[in-house]
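Student: Here it is, the structure, as structure tokens.
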Amino acid sequence: MRITIINGSPRKNGATAKLLKEIKSRLEKHEEVSVSYYDISSKPIQTCIGCMRCYNTGICHMNDYAEDLNAAIRNSEGLIIGLPTYVSNIPGILKNYIDRGHFVIEQALKNKYALSLVTYEIAGGNTALKTINNLFRYSGGIITGSILCKVKFNTNPLSDRMTDRIYQKADTFYNAIRTRKSKRIIDVILNYIAIYILIKPFVLKSRDKYTYVIDRWKSIGVIR
Ligand SMILES: Cc1cc2nc3c(=O)[nH]c(=O)nc-3n(C[C@H](O)[C@H](O)[C@H](O)COP(=O)(O)O)c2cc1C
């Protein structure tokens, strides 16, 4: 069972990282689990410039760390993204990667399991959590749960209570993958609206230009 964890904080040893590493150790107690852990801030990720080449060829002309993360997700059955709240939303460094991740247009999380973890100090954590969960949903992912953690900046978030909570979410995530749990009906409906009502007509209008997207959708059964 391959799982990718991405720490979306600019800080490699902050509260988000500590919680994610605890989830990683919990998951690694199962011998069939192999976890790849990435810090978004490890290497530079260039900004998407909207050239649309990936829609046509599937390949971004900027071959950097974003492509390593995309490959890791492609090869995994489960994805966990953790992030701090920055100015009531997700940090720019993570958004920069998401723009390069082809998530929604390629349905990159179709049939993959997803867990989100958001830390915050005062307010706005819910907005950040909603943003990341919508990304999972619209990308075809199967959301097994979310963790919203109120943490004082630069303190250790791992109280006994918090540890119990994240272990429980990690166990639910693992069991969902193991038993191939199906998507909740609300996520099916929201993904359907995003793809079939909003994005599909837009892509089909430019089918000559967006050949890679069309091929990808055929290969994963979005269209025939
Ligand atoms: C630039 C910046 C903006 C922040 N904005 C918010 C915010 O809007 N709401 C909030 O509750 N916490 C905010 N925080 C606090 C962090 O979300 C919180 O401390 C988080 O746990 C830090 O995670 P990390 O240690 O993994 O980086 C902000 C922190 C920074 C550095």
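Identifiers for the structure tokens are assigned positionally: chains receive A, B, ... in sequence, residues are indexed from 1 per chain, and ligands are indexed from 1 in the order shown.
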Would you list the residues that come within 7 Å of ligand 1? Count only C-alpha atoms and all ligand atoms and give the answer as a PyMOL selection string.
Tutor: chain A and resi 9-11+13-17+83-89+119-125+151-154
Student: Hey, can you spit out that residue selection with N, CA, C and O atoms as a short mmCIF file (atom, residue, chain, number, x, y, z; two decimals), in the first residue's frame?
Tutor:
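Resulting contents of again.cif:
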```
data_model
loop_
_atom_site.label_atom_id
_atom_site.label_comp_id
_atom_site.auth_asym_id
_atom_site.auth_seq_id
_atom_site.Cartn_x
_atom_site.Cartn_y
_atom_site.Cartn_z
N SER A 9 3.63 23.09 4.50
CA SER A 9 4.11 24.26 5.24
C SER A 9 5.50 24.67 4.73
O SER A 9 6.32 23.81 4.43
N PRO A 10 5.78 25.97 4.71
CA PRO A 10 7.14 26.41 4.39
C PRO A 10 8.14 25.94 5.45
O PRO A 10 9.33 25.96 5.23
N ARG A 11 7.63 25.52 6.63
CA ARG A 11 8.50 25.11 7.74
C ARG A 11 8.57 23.58 7.82
O ARG A 11 7.56 22.92 8.02
N ASN A 13 9.99 21.74 10.09
CA ASN A 13 9.91 21.15 11.43
C ASN A 13 8.86 21.83 12.29
O ASN A 13 8.99 21.85 13.51
N GLY A 14 7.86 22.39 11.66
CA GLY A 14 6.81 23.09 12.39
C GLY A 14 5.75 22.12 12.92
O GLY A 14 5.93 20.89 12.90
N ALA A 15 4.63 22.70 13.35
CA ALA A 15 3.55 21.91 13.95
C ALA A 15 2.96 20.92 12.93
O ALA A 15 2.69 19.76 13.26
N THR A 16 2.77 21.39 11.71
CA THR A 16 2.17 20.53 10.68
C THR A 16 3.06 19.31 10.44
O THR A 16 2.57 18.17 10.39
N ALA A 17 4.36 19.56 10.34
CA ALA A 17 5.31 18.46 10.10
C ALA A 17 5.27 17.46 11.25
O ALA A 17 5.28 16.24 11.02
N LEU A 83 -1.19 21.16 6.09
CA LEU A 83 -0.84 22.56 5.82
C LEU A 83 -1.20 23.45 6.99
O LEU A 83 -2.16 23.17 7.71
N PRO A 84 -0.44 24.53 7.16
CA PRO A 84 -0.84 25.52 8.14
C PRO A 84 -1.80 26.51 7.48
O PRO A 84 -1.84 26.61 6.25
N THR A 85 -2.55 27.22 8.29
CA THR A 85 -3.41 28.29 7.77
C THR A 85 -2.56 29.55 7.64
O THR A 85 -1.88 29.93 8.60
N TYR A 86 -2.57 30.14 6.48
CA TYR A 86 -1.87 31.41 6.27
C TYR A 86 -2.90 32.44 5.81
O TYR A 86 -3.51 32.26 4.76
N VAL A 87 -3.06 33.47 6.61
CA VAL A 87 -4.00 34.55 6.27
C VAL A 87 -5.36 33.97 5.86
O VAL A 87 -5.89 34.24 4.78
N SER A 88 -5.87 33.13 6.73
CA SER A 88 -7.19 32.49 6.57
C SER A 88 -7.31 31.60 5.34
O SER A 88 -8.42 31.35 4.86
N ASN A 89 -6.19 31.13 4.81
CA ASN A 89 -6.28 30.24 3.65
C ASN A 89 -5.06 29.32 3.61
O ASN A 89 -4.32 29.24 4.58
N THR A 119 -3.46 22.99 10.33
CA THR A 119 -3.19 23.61 11.63
C THR A 119 -3.49 25.10 11.54
O THR A 119 -3.39 25.69 10.46
N TYR A 120 -3.87 25.68 12.65
CA TYR A 120 -4.13 27.12 12.71
C TYR A 120 -3.97 27.57 14.15
O TYR A 120 -3.92 26.74 15.07
N GLU A 121 -3.87 28.89 14.33
CA GLU A 121 -3.65 29.37 15.70
C GLU A 121 -4.88 30.09 16.25
O GLU A 121 -5.23 29.93 17.42
N ILE A 122 -5.54 30.89 15.40
CA ILE A 122 -6.64 31.72 15.93
C ILE A 122 -7.95 31.47 15.18
O ILE A 122 -8.95 31.09 15.75
N ALA A 123 -7.92 31.72 13.86
CA ALA A 123 -9.15 31.60 13.05
C ALA A 123 -8.77 31.39 11.59
O ALA A 123 -7.63 31.66 11.20
N GLY A 124 -9.71 30.92 10.82
CA GLY A 124 -9.48 30.76 9.38
C GLY A 124 -9.11 29.34 8.98
O GLY A 124 -9.03 29.02 7.79
N GLY A 125 -8.90 28.47 9.98
CA GLY A 125 -8.53 27.09 9.66
C GLY A 125 -9.60 26.37 8.85
O GLY A 125 -9.29 25.57 7.96
N VAL A 151 -3.33 25.11 17.20
CA VAL A 151 -2.01 24.96 17.81
C VAL A 151 -1.40 26.34 18.03
O VAL A 151 -1.46 27.19 17.16
N LYS A 152 -0.77 26.56 19.16
CA LYS A 152 -0.06 27.82 19.41
C LYS A 152 1.24 27.77 18.61
O LYS A 152 1.94 26.75 18.61
N PHE A 153 1.55 28.88 17.91
CA PHE A 153 2.73 28.93 17.04
C PHE A 153 3.99 28.52 17.81
O PHE A 153 4.21 28.96 18.94
N ASN A 154 4.81 27.70 17.18
CA ASN A 154 6.09 27.25 17.76
C ASN A 154 5.96 26.45 19.05
O ASN A 154 6.86 26.46 19.88
#
```
Student: Using DSSP on the backbone coordinates, identify all residues within segment 44-172 of chain A classified as strand (DSSP E or B); present the result as a PyMOL selection string.
Tutor: chain A and resi 78-84+86+89+113-120+142-150
Student: Would you mind exporting the chosen residues as a PDB file, in the first residue's frame, restricted to C-alpha atoms?
Tutor:
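File produced: result_14.pdb:
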```pdb
ATOM      1  CA  GLY A  78      -3.477   7.371  -0.805  1.00  0.00           C
ATOM      2  CA  LEU A  79      -2.551  11.022  -0.388  1.00  0.00           C
ATOM      3  CA  ILE A  80      -2.273  13.031   2.817  1.00  0.00           C
ATOM      4  CA  ILE A  81      -1.759  16.782   2.587  1.00  0.00           C
ATOM      5  CA  GLY A  82      -1.016  18.765   5.727  1.00  0.00           C
ATOM      6  CA  LEU A  83      -0.835  22.558   5.818  1.00  0.00           C
ATOM      7  CA  PRO A  84      -0.840  25.524   8.136  1.00  0.00           C
ATOM      8  CA  TYR A  86      -1.865  31.411   6.271  1.00  0.00           C
ATOM      9  CA  ASN A  89      -6.284  30.241   3.654  1.00  0.00           C
ATOM     10  CA  TYR A 113      -7.913   7.975  -0.879  1.00  0.00           C
ATOM     11  CA  ALA A 114      -7.294  11.364   0.675  1.00  0.00           C
ATOM     12  CA  LEU A 115      -6.846  12.783   4.170  1.00  0.00           C
ATOM     13  CA  SER A 116      -6.355  16.465   5.004  1.00  0.00           C
ATOM     14  CA  LEU A 117      -4.725  18.028   8.044  1.00  0.00           C
ATOM     15  CA  VAL A 118      -4.841  21.762   8.760  1.00  0.00           C
ATOM     16  CA  THR A 119      -3.191  23.607  11.632  1.00  0.00           C
ATOM     17  CA  TYR A 120      -4.134  27.121  12.712  1.00  0.00           C
ATOM     18  CA  ILE A 142     -12.195   9.580  -1.832  1.00  0.00           C
ATOM     19  CA  ILE A 143     -11.985  11.663   1.338  1.00  0.00           C
ATOM     20  CA  THR A 144     -11.622   9.494   4.438  1.00  0.00           C
ATOM     21  CA  GLY A 145     -11.434  12.338   6.925  1.00  0.00           C
ATOM     22  CA  SER A 146     -10.034  15.699   7.940  1.00  0.00           C
ATOM     23  CA  ILE A 147      -8.074  16.919  10.929  1.00  0.00           C
ATOM     24  CA  LEU A 148      -8.302  20.538  12.059  1.00  0.00           C
ATOM     25  CA  CYS A 149      -5.789  21.333  14.807  1.00  0.00           C
ATOM     26  CA  LYS A 150      -5.653  24.514  16.852  1.00  0.00           C
TER      27      LYS A 150
END
```
Student: Skipping near chain neighbours, those fewer than 2 positions away, what residues fall within 9 Å of Phe103 of chain A using only C-alpha atoms, listed as a list in words?
Tutor: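 The neighbour list is Asn70, Ile98, Asp99, Arg100, Gly101, Ile105, Glu106, Gln107, Ala108, Leu109, Leu135, Phe136, Tyr138, Ser139 and Gly140 of chain A.
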Student: If you run DSSP on this backbone, which residues of segment 96-222 of chain A come out as alpha helix (DSSP H), and could you give them as a PyMOL selection string?
Tutor: chain A and resi 96-100+125-138+160-178+185-192+200-205+211-219
Student: Show me, as a list in words, the residues that have an atom within 7 Å of segment 40-55 of chain A when counting only C-alpha atoms, minus same-chain residues fewer than 6 positions from it.
Tutor: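 Those residues are Ile6, Asn7, Gly8, Ser9, Pro10, Asp64, Tyr65, Ala66, Leu94, Asn96, Tyr97, Asp99, Arg100, Tyr210, Thr211, Tyr212 and Val213 of chain A.
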Student: Show me a table, sorted first by chain and then by increasing residue number, of the residues of segment 59-137 of chain A having an atom at most 10 Å from segment 185-189 of chain A, each with its shortest atom pair and the distance in Å to one decimal, counting only C-alpha atoms and written as a tab-separated table.
Tutor:
```
residue	atom	partner	partner_atom	distance
A:Asn133	CA	A:Asp187	CA	9.9
A:Asn134	CA	A:Asp187	CA	9.2
A:Phe136	CA	A:Asp187	CA	9.3
A:Arg137	CA	A:Asp187	CA	5.9
```
Student: Keeping C-alpha atoms, export the residues of the selection given above as a PDB file, in the first residue's frame.
Tutor:
```
ATOM      1  CA  ASN A 133     -11.057  19.160   0.732  1.00  0.00           C
ATOM      2  CA  ASN A 134     -12.656  20.752  -2.331  1.00  0.00           C
ATOM      3  CA  PHE A 136      -9.601  16.429  -3.239  1.00  0.00           C
ATOM      4  CA  ARG A 137     -13.297  16.226  -4.134  1.00  0.00           C
TER       5      ARG A 137
END
```
Student: Here is a test: counting only C-alpha atoms, which residue of A:Ser206, A:Ile90, A:Glu31, A:His102 is nearest to Ile59 of chain A?
Tutor: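 Of A:Ser206, A:Ile90, A:Glu31, A:His102, the one nearest Ile59 of chain A is A:His102, counting only C-alpha atoms.
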Student: So, counting only C-alpha atoms, which residue among A:Lys205, A:His30, A:Lys21, A:Lys218 is closest to Tyr174 of chain A?
Tutor: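 So, comparing all the options, the nearest one is A:His30.
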Student: Which of these, A:Lys18, A:Pro91, A:Asp208, A:Asn175, has the shortest distance to Leu129 of chain A once you count only C-alpha atoms?
Tutor: A:Pro91
